[in-house]
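**Student:** Let me begin by handing over the structure; questions about it come next.
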Amino acid sequence: MSIHLADAIFWIAVACCSIAQLAILHSVIISPARMATRETSSARRTAEIAWAVLPGVALAFVFVATWQAMHPAHVATAVAGMLPAALP
């Protein structure tokens, strides 16, 4: 598989997952609370939002790791640029 095709598939997957994650977050944030008491409702809502955000953060880490695995030369160049120059 050519690197351009792999990149295209990668970015399509990123776009689809990002749209899906945004739809999940929109659904969680917009949906009305179903609990009767305010403090229980607030705590439950916070936990629900946290459990909706957590997979998105994990997915971002997976995408970064995948990108680094697909482009090891770019990662090596970036790391080399961050290292201090060797002393004579």
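Here's how to read the names in the structure tokens: chain A, B, ... by the order shown, residue numbers from 1 in each chain, ligand numbers from 1 in the order shown.
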Please identify every residue of region 18-64 of chain A that has at least one atom no farther than 9 Å from an atom of region 6-14 of chain A, counting only C-alpha atoms, and for each give the shortest atom pair and the distance in Å to one decimal, arranged by chain then increasing number, as a tab-separated table.

**Tutor:**
```
residue	atom	partner	partner_atom	distance
A:Ser18	CA	A:Val14	CA	5.9
A:Ile19	CA	A:Val14	CA	8.5
A:Ala60	CA	A:Val14	CA	8.9
A:Phe63	CA	A:Val14	CA	7.5
```

**Student:** Could you write out that same residue set with C-alpha atoms as a PDB file, in the first residue's frame?

**Tutor:**
```pdb
ATOM      1  CA  SER A  18     -13.929  12.953  15.405  1.00  0.00           C
ATOM      2  CA  ILE A  19     -17.414  13.535  14.019  1.00  0.00           C
ATOM      3  CA  ALA A  60      -6.451  10.810  20.355  1.00  0.00           C
ATOM      4  CA  PHE A  63      -4.193   8.259  16.592  1.00  0.00           C
TER       5      PHE A  63
END
```

**Student:** With only C-alpha atoms as the atoms that count, which of A:Ala23, A:Val28, A:Met1, A:Ala69 lies nearest to Ala50 (chain A)?

**Tutor:**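 Checking each candidate against Ala50 (chain A), we get A:Val28 as the closest.
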
**Student:** Given the choices A:Val57, A:Met70, A:Ile49, A:Ile3, which gets closest to His26 (chain A) if the distance is worked out from only C-alpha atoms?

**Tutor:**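 Looking only at the distances to His26 (chain A), the closest residue turns out to be A:Ile49.
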
**Student:** I'd like the neighbourhood of Leu22 (chain A) as a PyMOL selection string, where a residue qualifies if any of its atoms comes within 9 Å (using only C-alpha atoms), though same-chain residues fewer than 5 positions away should be ignored.

**Tutor:** chain A and resi 17+27+56
